[in-house]
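With mmCIF, C-alpha atoms and all ligand atoms inside, this is query34.cif:
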data_entry
#
loop_
_atom_site.group_PDB
_atom_site.id
_atom_site.type_symbol
_atom_site.label_atom_id
_atom_site.label_comp_id
_atom_site.auth_asym_id
_atom_site.auth_seq_id
_atom_site.Cartn_x
_atom_site.Cartn_y
_atom_site.Cartn_z
ATOM 1 C CA MET T 1 22.212 -2.718 0.789
ATOM 2 C CA THR T 2 19.076 -1.591 -1.028
ATOM 3 C CA THR T 3 15.648 -2.126 0.495
ATOM 4 C CA ASN T 4 13.206 -3.036 -2.254
ATOM 5 C CA ILE T 5 9.639 -1.811 -1.948
ATOM 6 C CA LEU T 6 6.669 -2.704 -4.097
ATOM 7 C CA GLY T 7 4.079 0.069 -4.368
ATOM 8 C CA PHE T 8 0.555 0.139 -5.702
ATOM 9 C CA SER T 9 -2.627 2.174 -5.560
ATOM 10 C CA GLY T 10 -6.107 0.842 -4.836
ATOM 11 C CA SER T 11 -7.648 2.985 -7.583
ATOM 12 C CA LEU T 12 -7.831 1.975 -11.243
ATOM 13 C CA ARG T 13 -8.595 5.527 -12.380
ATOM 14 C CA LEU T 14 -6.149 6.847 -14.966
ATOM 15 C CA ASP T 15 -5.676 10.213 -13.224
ATOM 16 C CA SER T 16 -5.916 8.685 -9.772
ATOM 17 C CA LEU T 17 -4.572 10.849 -6.963
ATOM 18 C CA ASN T 18 -3.375 7.688 -5.275
ATOM 19 C CA ARG T 19 -1.516 6.520 -8.340
ATOM 20 C CA ARG T 20 0.116 9.964 -8.471
ATOM 21 C CA LEU T 21 1.045 9.618 -4.811
ATOM 22 C CA THR T 22 2.794 6.287 -5.439
ATOM 23 C CA ARG T 23 4.722 7.863 -8.336
ATOM 24 C CA ALA T 24 5.768 10.762 -6.108
ATOM 25 C CA ALA T 25 6.931 8.242 -3.494
ATOM 26 C CA ARG T 26 9.006 6.411 -6.094
ATOM 27 C CA ASP T 27 10.613 9.679 -7.188
ATOM 28 C CA LEU T 28 11.272 10.909 -3.635
ATOM 29 C CA ALA T 29 12.556 7.637 -2.192
ATOM 30 C CA PRO T 30 15.557 8.283 0.094
ATOM 31 C CA ALA T 31 18.919 6.662 -0.615
ATOM 32 C CA GLY T 32 18.867 2.938 0.002
ATOM 33 C CA LEU T 33 15.128 2.594 -0.705
ATOM 34 C CA ASP T 34 14.047 1.487 -4.165
ATOM 35 C CA ILE T 35 10.335 1.634 -5.008
ATOM 36 C CA SER T 36 8.918 -0.158 -8.026
ATOM 37 C CA LEU T 37 5.243 0.152 -8.899
ATOM 38 C CA PHE T 38 2.734 -2.540 -9.803
ATOM 39 C CA ASP T 39 0.130 -1.038 -12.101
ATOM 40 C CA ARG T 40 -1.861 -4.064 -13.264
ATOM 41 C CA LEU T 41 -4.512 -4.411 -10.572
ATOM 42 C CA ALA T 42 -7.175 -4.060 -13.287
ATOM 43 C CA GLU T 43 -6.147 -7.547 -14.456
ATOM 44 C CA VAL T 44 -6.667 -9.175 -11.067
ATOM 45 C CA PRO T 45 -10.009 -11.006 -11.127
ATOM 46 C CA LEU T 46 -12.534 -10.833 -8.334
ATOM 47 C CA PHE T 47 -11.474 -13.248 -5.654
ATOM 48 C CA ASN T 48 -13.354 -16.533 -5.771
ATOM 49 C CA GLU T 49 -12.318 -19.664 -3.913
ATOM 50 C CA ASP T 50 -13.326 -21.712 -6.960
ATOM 51 C CA LEU T 51 -10.489 -20.019 -8.893
ATOM 52 C CA GLU T 52 -8.018 -21.276 -6.311
ATOM 53 C CA ALA T 53 -9.075 -24.820 -7.145
ATOM 54 C CA VAL T 54 -8.480 -24.224 -10.859
ATOM 55 C CA TRP T 55 -5.290 -22.171 -10.442
ATOM 56 C CA PRO T 56 -3.563 -23.123 -7.210
ATOM 57 C CA ALA T 57 -0.848 -20.573 -8.073
ATOM 58 C CA GLY T 58 -3.500 -17.971 -8.953
ATOM 59 C CA PRO T 59 -4.312 -16.583 -12.406
ATOM 60 C CA GLY T 60 -1.349 -14.914 -14.211
ATOM 61 C CA SER T 61 -1.700 -11.416 -12.758
ATOM 62 C CA VAL T 62 -2.177 -12.766 -9.223
ATOM 63 C CA ASP T 63 0.727 -15.150 -9.566
ATOM 64 C CA GLU T 64 2.973 -12.309 -10.729
ATOM 65 C CA LEU T 65 1.795 -9.979 -7.966
ATOM 66 C CA ARG T 66 2.303 -12.660 -5.306
ATOM 67 C CA GLY T 67 5.842 -13.250 -6.545
ATOM 68 C CA LEU T 68 6.633 -9.527 -6.500
ATOM 69 C CA VAL T 69 5.216 -9.139 -2.989
ATOM 70 C CA THR T 70 7.058 -12.196 -1.700
ATOM 71 C CA HIS T 71 10.387 -10.975 -3.060
ATOM 72 C CA SER T 72 9.948 -7.401 -1.839
ATOM 73 C CA ASP T 73 11.175 -6.148 1.524
ATOM 74 C CA GLY T 74 7.952 -4.229 2.078
ATOM 75 C CA LEU T 75 4.790 -2.855 0.524
ATOM 76 C CA LEU T 76 3.744 0.760 0.105
ATOM 77 C CA ILE T 77 0.008 1.086 -0.491
ATOM 78 C CA ALA T 78 -1.949 4.212 -1.425
ATOM 79 C CA THR T 79 -5.637 3.768 -0.741
ATOM 80 C CA PRO T 80 -8.561 5.779 -2.034
ATOM 81 C CA GLU T 81 -11.610 6.188 0.208
ATOM 82 C CA TYR T 82 -15.000 5.051 -1.083
ATOM 83 C CA ASN T 83 -18.017 5.420 1.177
ATOM 84 C CA GLN T 84 -15.811 5.770 4.240
ATOM 85 C CA SER T 85 -14.061 2.510 3.469
ATOM 86 C CA ILE T 86 -11.514 1.045 1.046
ATOM 87 C CA SER T 87 -12.274 0.457 -2.637
ATOM 88 C CA GLY T 88 -13.415 -2.951 -3.834
ATOM 89 C CA VAL T 89 -10.167 -3.155 -5.823
ATOM 90 C CA MET T 90 -8.158 -2.678 -2.627
ATOM 91 C CA LYS T 91 -10.066 -5.304 -0.640
ATOM 92 C CA ASN T 92 -9.845 -7.740 -3.545
ATOM 93 C CA VAL T 93 -6.061 -7.548 -3.644
ATOM 94 C CA VAL T 94 -5.803 -7.991 0.139
ATOM 95 C CA ASP T 95 -8.010 -11.085 -0.103
ATOM 96 C CA TRP T 96 -5.869 -12.610 -2.869
ATOM 97 C CA LEU T 97 -2.625 -11.885 -1.030
ATOM 98 C CA SER T 98 -4.014 -13.360 2.191
ATOM 99 C CA ARG T 99 -4.119 -16.774 0.501
ATOM 100 C CA PRO T 100 -3.175 -19.574 0.707
ATOM 101 C CA ASP T 101 -3.593 -19.542 4.472
ATOM 102 C CA ASP T 102 -0.296 -21.316 5.189
ATOM 103 C CA ALA T 103 1.821 -19.303 2.708
ATOM 104 C CA ALA T 104 0.144 -15.915 2.337
ATOM 105 C CA ALA T 105 2.323 -13.279 0.667
ATOM 106 C CA LEU T 106 1.109 -10.713 3.228
ATOM 107 C CA ASP T 107 2.026 -12.820 6.238
ATOM 108 C CA GLY T 108 4.913 -11.100 8.039
ATOM 109 C CA LYS T 109 5.262 -8.453 5.313
ATOM 110 C CA PRO T 110 6.063 -4.897 6.465
ATOM 111 C CA VAL T 111 3.512 -2.468 4.998
ATOM 112 C CA ALA T 112 3.186 1.321 4.972
ATOM 113 C CA ILE T 113 -0.130 2.868 4.029
ATOM 114 C CA MET T 114 -1.091 6.337 2.842
ATOM 115 C CA GLY T 115 -3.982 7.808 0.927
ATOM 116 C CA ALA T 116 -5.290 10.784 -1.022
ATOM 117 C CA THR T 117 -8.845 12.009 -1.433
ATOM 118 C CA THR T 118 -10.705 15.009 -2.766
ATOM 119 C CA GLY T 119 -12.448 15.048 0.616
ATOM 120 C CA SER T 120 -11.317 16.872 3.724
ATOM 121 C CA TRP T 121 -10.534 13.925 6.023
ATOM 122 C CA GLY T 122 -7.658 12.554 3.999
ATOM 123 C CA THR T 123 -8.763 8.846 3.806
ATOM 124 C CA ARG T 124 -8.751 8.369 7.595
ATOM 125 C CA TYR T 125 -11.609 5.858 7.514
ATOM 126 C CA ALA T 126 -10.163 3.936 4.568
ATOM 127 C CA GLN T 127 -6.710 3.704 6.158
ATOM 128 C CA LYS T 128 -8.196 2.424 9.420
ATOM 129 C CA GLU T 129 -10.061 -0.302 7.529
ATOM 130 C CA LEU T 130 -7.074 -1.173 5.356
ATOM 131 C CA ARG T 131 -4.867 -1.442 8.446
ATOM 132 C CA HIS T 132 -7.433 -3.792 9.998
ATOM 133 C CA ALA T 133 -7.681 -6.099 6.949
ATOM 134 C CA LEU T 134 -3.900 -6.172 6.416
ATOM 135 C CA THR T 135 -3.297 -7.009 10.068
ATOM 136 C CA ALA T 136 -5.852 -9.809 9.852
ATOM 137 C CA ALA T 137 -3.803 -11.201 6.957
ATOM 138 C CA GLY T 138 -0.612 -11.135 9.044
ATOM 139 C CA ALA T 139 1.022 -8.009 7.615
ATOM 140 C CA ILE T 140 3.131 -5.851 9.930
ATOM 141 C CA VAL T 141 1.641 -2.417 9.338
ATOM 142 C CA MET T 142 3.780 0.582 10.287
ATOM 143 C CA PRO T 143 1.988 2.550 13.031
ATOM 144 C CA GLN T 144 3.570 5.967 12.301
ATOM 145 C CA PRO T 145 4.145 8.270 10.474
ATOM 146 C CA MET T 146 0.779 8.435 8.752
ATOM 147 C CA LEU T 147 0.017 10.376 5.584
ATOM 148 C CA PHE T 148 -3.498 11.679 4.954
ATOM 149 C CA VAL T 149 -3.755 13.802 1.818
ATOM 150 C CA ALA T 150 -6.973 15.855 2.017
ATOM 151 C CA ASN T 151 -8.244 18.003 -0.875
ATOM 152 C CA GLY T 152 -5.793 16.027 -2.971
ATOM 153 C CA GLU T 153 -6.692 17.671 -6.285
ATOM 154 C CA ARG T 154 -4.795 20.743 -5.013
ATOM 155 C CA ALA T 155 -1.656 18.782 -4.146
ATOM 156 C CA PHE T 156 -0.667 17.942 -7.742
ATOM 157 C CA ASP T 157 0.114 20.142 -10.739
ATOM 158 C CA THR T 158 -1.532 19.800 -14.155
ATOM 159 C CA ALA T 159 1.065 17.188 -15.148
ATOM 160 C CA GLY T 160 0.115 15.099 -12.093
ATOM 161 C CA ARG T 161 3.318 15.811 -10.186
ATOM 162 C CA LEU T 162 3.268 16.434 -6.452
ATOM 163 C CA ALA T 163 3.378 20.216 -6.003
ATOM 164 C CA ASP T 164 2.539 20.696 -2.334
ATOM 165 C CA PRO T 165 5.704 21.120 -0.217
ATOM 166 C CA ALA T 166 3.917 20.142 3.018
ATOM 167 C CA VAL T 167 2.671 16.874 1.530
ATOM 168 C CA GLU T 168 6.101 16.267 0.022
ATOM 169 C CA ARG T 169 7.747 16.734 3.423
ATOM 170 C CA ARG T 170 5.326 14.317 5.088
ATOM 171 C CA LEU T 171 5.768 11.784 2.294
ATOM 172 C CA VAL T 172 9.552 11.860 2.729
ATOM 173 C CA GLN T 173 9.059 11.425 6.502
ATOM 174 C CA LEU T 174 6.855 8.408 5.853
ATOM 175 C CA LEU T 175 9.406 6.861 3.476
ATOM 176 C CA THR T 176 12.321 7.495 5.833
ATOM 177 C CA GLY T 177 10.306 6.040 8.707
ATOM 178 C CA PHE T 178 9.373 3.009 6.616
ATOM 179 C CA HIS T 179 13.008 2.369 5.762
ATOM 180 C CA ARG T 180 13.860 2.270 9.500
ATOM 181 C CA TRP T 181 10.711 0.316 10.335
ATOM 182 C CA ILE T 182 11.582 -2.436 7.870
ATOM 183 C CA ALA T 183 15.060 -2.768 9.398
ATOM 184 C CA LEU T 184 13.491 -2.965 12.849
ATOM 185 C CA VAL T 185 10.803 -5.561 12.114
ATOM 186 C CA SER T 186 12.966 -7.615 9.769
ATOM 187 C CA ASP T 187 15.660 -8.033 12.411
ATOM 188 C CA PRO T 188 13.906 -7.568 15.753
ATOM 189 C CA PRO T 189 16.092 -6.873 18.791
ATOM 190 C CA ARG T 190 16.434 -9.688 21.338
ATOM 191 C CA LEU T 191 14.298 -8.756 24.311
ATOM 192 C CA VAL T 192 15.573 -11.501 26.599
ATOM 193 C CA ALA T 193 19.319 -11.819 27.225
ATOM 194 C CA SER T 194 20.629 -15.214 26.138
ATOM 195 C CA GLY T 195 21.194 -17.542 29.073
ATOM 196 C CA ALA T 196 18.815 -15.528 31.295
HETATM 197 C C1 LIG B 201 -18.015 5.712 -4.933
HETATM 198 C C2 LIG B 201 -17.219 6.822 -4.310
HETATM 199 C C3 LIG B 201 -17.314 7.044 -2.960
HETATM 200 C C4 LIG B 201 -16.520 8.034 -2.355
HETATM 201 N N1 LIG B 201 -16.564 8.179 -1.005
HETATM 202 C C5 LIG B 201 -15.673 9.005 -0.397
HETATM 203 C C6 LIG B 201 -15.572 9.045 1.039
HETATM 204 O O1 LIG B 201 -16.281 8.367 1.764
HETATM 205 N N2 LIG B 201 -14.641 9.856 1.590
HETATM 206 C C7 LIG B 201 -13.800 10.634 0.827
HETATM 207 O O2 LIG B 201 -12.955 11.336 1.380
HETATM 208 N N3 LIG B 201 -13.887 10.633 -0.532
HETATM 209 C C8 LIG B 201 -14.792 9.835 -1.151
HETATM 210 N N4 LIG B 201 -14.860 9.778 -2.524
HETATM 211 C C9 LIG B 201 -14.039 10.700 -3.313
HETATM 212 C C10 LIG B 201 -12.702 10.059 -3.626
HETATM 213 O O3 LIG B 201 -11.846 10.245 -2.512
HETATM 214 C C11 LIG B 201 -12.106 10.690 -4.866
HETATM 215 O O4 LIG B 201 -12.902 10.346 -5.989
HETATM 216 C C12 LIG B 201 -10.656 10.288 -5.085
HETATM 217 O O5 LIG B 201 -10.119 11.062 -6.113
HETATM 218 C C13 LIG B 201 -10.556 8.785 -5.381
HETATM 219 O O6 LIG B 201 -9.220 8.367 -5.396
HETATM 220 P P1 LIG B 201 -8.355 8.323 -6.771
HETATM 221 O O7 LIG B 201 -8.174 9.760 -7.202
HETATM 222 O O8 LIG B 201 -7.078 7.686 -6.388
HETATM 223 O O9 LIG B 201 -9.159 7.568 -7.796
HETATM 224 C C14 LIG B 201 -15.660 8.834 -3.151
HETATM 225 C C15 LIG B 201 -15.600 8.598 -4.534
HETATM 226 C C16 LIG B 201 -16.354 7.605 -5.108
HETATM 227 C C17 LIG B 201 -16.232 7.349 -6.598
#
Could you rewrite the structure in this file as structure tokens?
Amino acid sequence: MTTNILGFSGSLRLDSLNRRLTRAARDLAPAGLDISLFDRLAEVPLFNEDLEAVWPAGPGSVDELRGLVTHSDGLLIATPEYNQSISGVMKNVVDWLSRPDDAAALDGKPVAIMGATTGSWGTRYAQKELRHALTAAGAIVMPQPMLFVANGERAFDTAGRLADPAVERRLVQLLTGFHRWIALVSDPPRLVASGA
């Protein structure tokens, strides 16, 4: 059975390192894991509760994204780091997917996060903040393995393909771990014997 993952990057930049990282993940996905990418975050409007009143289902792009998230087995998110936090684009999408309160697409959704930066700390701050916001929205965020890509401009070749074997190895570890993690959290073991 195939596990279907939806991936996206929290950067709108054309040559985004994080977009490249999601493409590398799609190409390196282990057998049984299928990753499709959502690349239309630029069309998602700034969250505004007034819009919810006008479009209970959300404007077109949000409605489509919600449907894709709901029907996926898990989310793979690559976050940039801006000012030691997540990008506005990233927070905006978390806010949309955290609504409506009683049927949020993120609620109970397994999520793996990763990130690439030109800086030397590999998006540690951004990932911590993203983990916090996702958990607040009810997502089940994988604790390990983590993937911090520091000095990310060196990790990709001129065509934008991942060209750093160490990063590639860690990315495959993350994907393999996520595959197992989804199986674990989607069908949790019984902790109390029946009849006990
Ligand atoms: C407004 C802004 C703030 C940034 N702040 C940080 C930061 O706090 N830490 C960091 O590692 N990189 C920071 N950067 C550098 C980004 O990590 C770098 O531009 C990266 O390539 C952005 O991700 P992307 O390539 O996916 O667009 C910042 C970049 C911008 C534009």
>> Since I can't run it myself right now, could you work out what the PyMOL selection byres (((chain T and resi 162) around 12) and not hetatm) selects here and report it as a ChimeraX atom specification?
In response: /T:17-28,116,149,152-161,163-171
Listing only residues of region 2-109 of chain T within 12 Å of region 179-188 of chain T, what is the closest atom pair and its distance in Å (to one decimal) for each, using all atoms listed in the file, sorted by chain and residue number ascending, as a tab-separated table?
residue	atom	partner	partner_atom	distance
T:Thr2	CA	T:His179	CA	9.9
T:Thr3	CA	T:His179	CA	7.4
T:Asn4	CA	T:His179	CA	9.7
T:Ile5	CA	T:His179	CA	9.4
T:Ala29	CA	T:His179	CA	9.6
T:Pro30	CA	T:His179	CA	8.6
T:Ala31	CA	T:His179	CA	9.7
T:Gly32	CA	T:His179	CA	8.2
T:Leu33	CA	T:His179	CA	6.8
T:Asp34	CA	T:His179	CA	10.0
T:Ile35	CA	T:His179	CA	11.1
T:Ser72	CA	T:Ile182	CA	11.0
T:Asp73	CA	T:Ile182	CA	7.4
T:Gly74	CA	T:Ile182	CA	7.1
T:Leu75	CA	T:Ile182	CA	10.0
T:Leu76	CA	T:His179	CA	11.0
T:Gly108	CA	T:Ser186	CA	8.9
T:Lys109	CA	T:Ser186	CA	8.9
>> I'd like the residues picked by the PyMOL selection byres (((not hetatm)) within 7 of (chain B and resi 201)) written out as number ranges by chain, using the chain letters and numbers from the file.
In response: T: 11-13, 15-19, 80-85, 116-123
> Taking all atoms listed in the file into account, which of T:Gln173, T:Gly67, T:Ala105, T:Pro100 comes nearest Trp55 (chain T)?
Replying inline: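 Answer, going by the shortest atom-to-atom distance: T:Pro100.
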Skipping near chain neighbours, those fewer than 5 positions away, what residues fall within 12 Å of Arg131 (chain T) using all atoms listed in the file, listed as a PDB file with C-alpha atoms, in the frame of the given file?
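Result file selection.pdb:
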ATOM      1  CA  ILE T  77       0.008   1.086  -0.491  1.00  0.00           C
ATOM      2  CA  ALA T  78      -1.949   4.212  -1.425  1.00  0.00           C
ATOM      3  CA  THR T  79      -5.637   3.768  -0.741  1.00  0.00           C
ATOM      4  CA  SER T  85     -14.061   2.510   3.469  1.00  0.00           C
ATOM      5  CA  ILE T  86     -11.514   1.045   1.046  1.00  0.00           C
ATOM      6  CA  MET T  90      -8.158  -2.678  -2.627  1.00  0.00           C
ATOM      7  CA  LYS T  91     -10.066  -5.304  -0.640  1.00  0.00           C
ATOM      8  CA  VAL T  94      -5.803  -7.991   0.139  1.00  0.00           C
ATOM      9  CA  PRO T 110       6.063  -4.897   6.465  1.00  0.00           C
ATOM     10  CA  VAL T 111       3.512  -2.468   4.998  1.00  0.00           C
ATOM     11  CA  ALA T 112       3.186   1.321   4.972  1.00  0.00           C
ATOM     12  CA  ILE T 113      -0.130   2.868   4.029  1.00  0.00           C
ATOM     13  CA  MET T 114      -1.091   6.337   2.842  1.00  0.00           C
ATOM     14  CA  GLY T 115      -3.982   7.808   0.927  1.00  0.00           C
ATOM     15  CA  THR T 123      -8.763   8.846   3.806  1.00  0.00           C
ATOM     16  CA  ARG T 124      -8.751   8.369   7.595  1.00  0.00           C
ATOM     17  CA  TYR T 125     -11.609   5.858   7.514  1.00  0.00           C
ATOM     18  CA  ALA T 126     -10.163   3.936   4.568  1.00  0.00           C
ATOM     19  CA  ALA T 136      -5.852  -9.809   9.852  1.00  0.00           C
ATOM     20  CA  ALA T 137      -3.803 -11.201   6.957  1.00  0.00           C
ATOM     21  CA  GLY T 138      -0.612 -11.135   9.044  1.00  0.00           C
ATOM     22  CA  ALA T 139       1.022  -8.009   7.615  1.00  0.00           C
ATOM     23  CA  ILE T 140       3.131  -5.851   9.930  1.00  0.00           C
ATOM     24  CA  VAL T 141       1.641  -2.417   9.338  1.00  0.00           C
ATOM     25  CA  MET T 142       3.780   0.582  10.287  1.00  0.00           C
ATOM     26  CA  PRO T 143       1.988   2.550  13.031  1.00  0.00           C
ATOM     27  CA  GLN T 144       3.570   5.967  12.301  1.00  0.00           C
ATOM     28  CA  MET T 146       0.779   8.435   8.752  1.00  0.00           C
TER      29      MET T 146
END
Enclosing box along x, y and z for every listed atom of region 168-178 of chain T, padded 4 Å each side, centre and size in Å, one decimal, as JSON:
{"center_x": 8.8, "center_y": 9.9, "center_z": 4.4, "size_x": 15.0, "size_y": 21.7, "size_z": 16.7}
>> Ranking T:Leu37, T:Ala42, T:Val93, T:Val172 by minimum distance to Gly7 (chain T) and counting all atoms listed in the file, which one comes first?
In response: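 For Gly7 (chain T), the nearest of the candidates is T:Leu37.
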>> Using Å and a single decimal, report how far CA of Glu49 (chain T) sits from CA of Ser36 (chain T).
In response: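 For CA of Ser36 (chain T) relative to CA of Glu49 (chain T), the distance reads 29.1 Å.
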> At what distance in Å, to one decimal, does CA of Met1 (chain T) lie from CA of Leu147 (chain T)?
Replying inline: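 Between CA of Leu147 (chain T) and CA of Met1 (chain T) the gap is 26.2 Å.
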> Could you work out how far CA of His71 (chain T) lies from CA of Trp96 (chain T), giving the answer in Å with one decimal?
Replying inline: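 Separating CA of Trp96 (chain T) from CA of His71 (chain T) is a distance of 16.3 Å.
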>> Residue by residue, what does the PyMOL selection byres (((chain T and resi 58) around 12) and not hetatm) grab here? Present the result as a PyMOL selection string.
In response: chain T and resi 44-57+59-67+93+96-97+99-100
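Closest approach to Ser87 (chain T) among T:His132, T:Ser9, T:Gly177, T:Ala103 is made by T:Ser9 (distances from all atoms listed in the file).
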> Of the candidates T:Ala150, T:Asp95, T:Phe8, T:Asp101, which shows the shortest atom-to-atom distance to Leu134 (chain T), using only C-alpha atoms?
Replying inline: T:Asp95
> Of the candidates T:Gly10, T:Asn151, T:Lys128, T:Phe178, which shows the shortest atom-to-atom distance to Val89 (chain T), using all atoms listed in the file?
Replying inline: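 Among the listed residues, the smallest separation from Val89 (chain T) belongs to T:Gly10.
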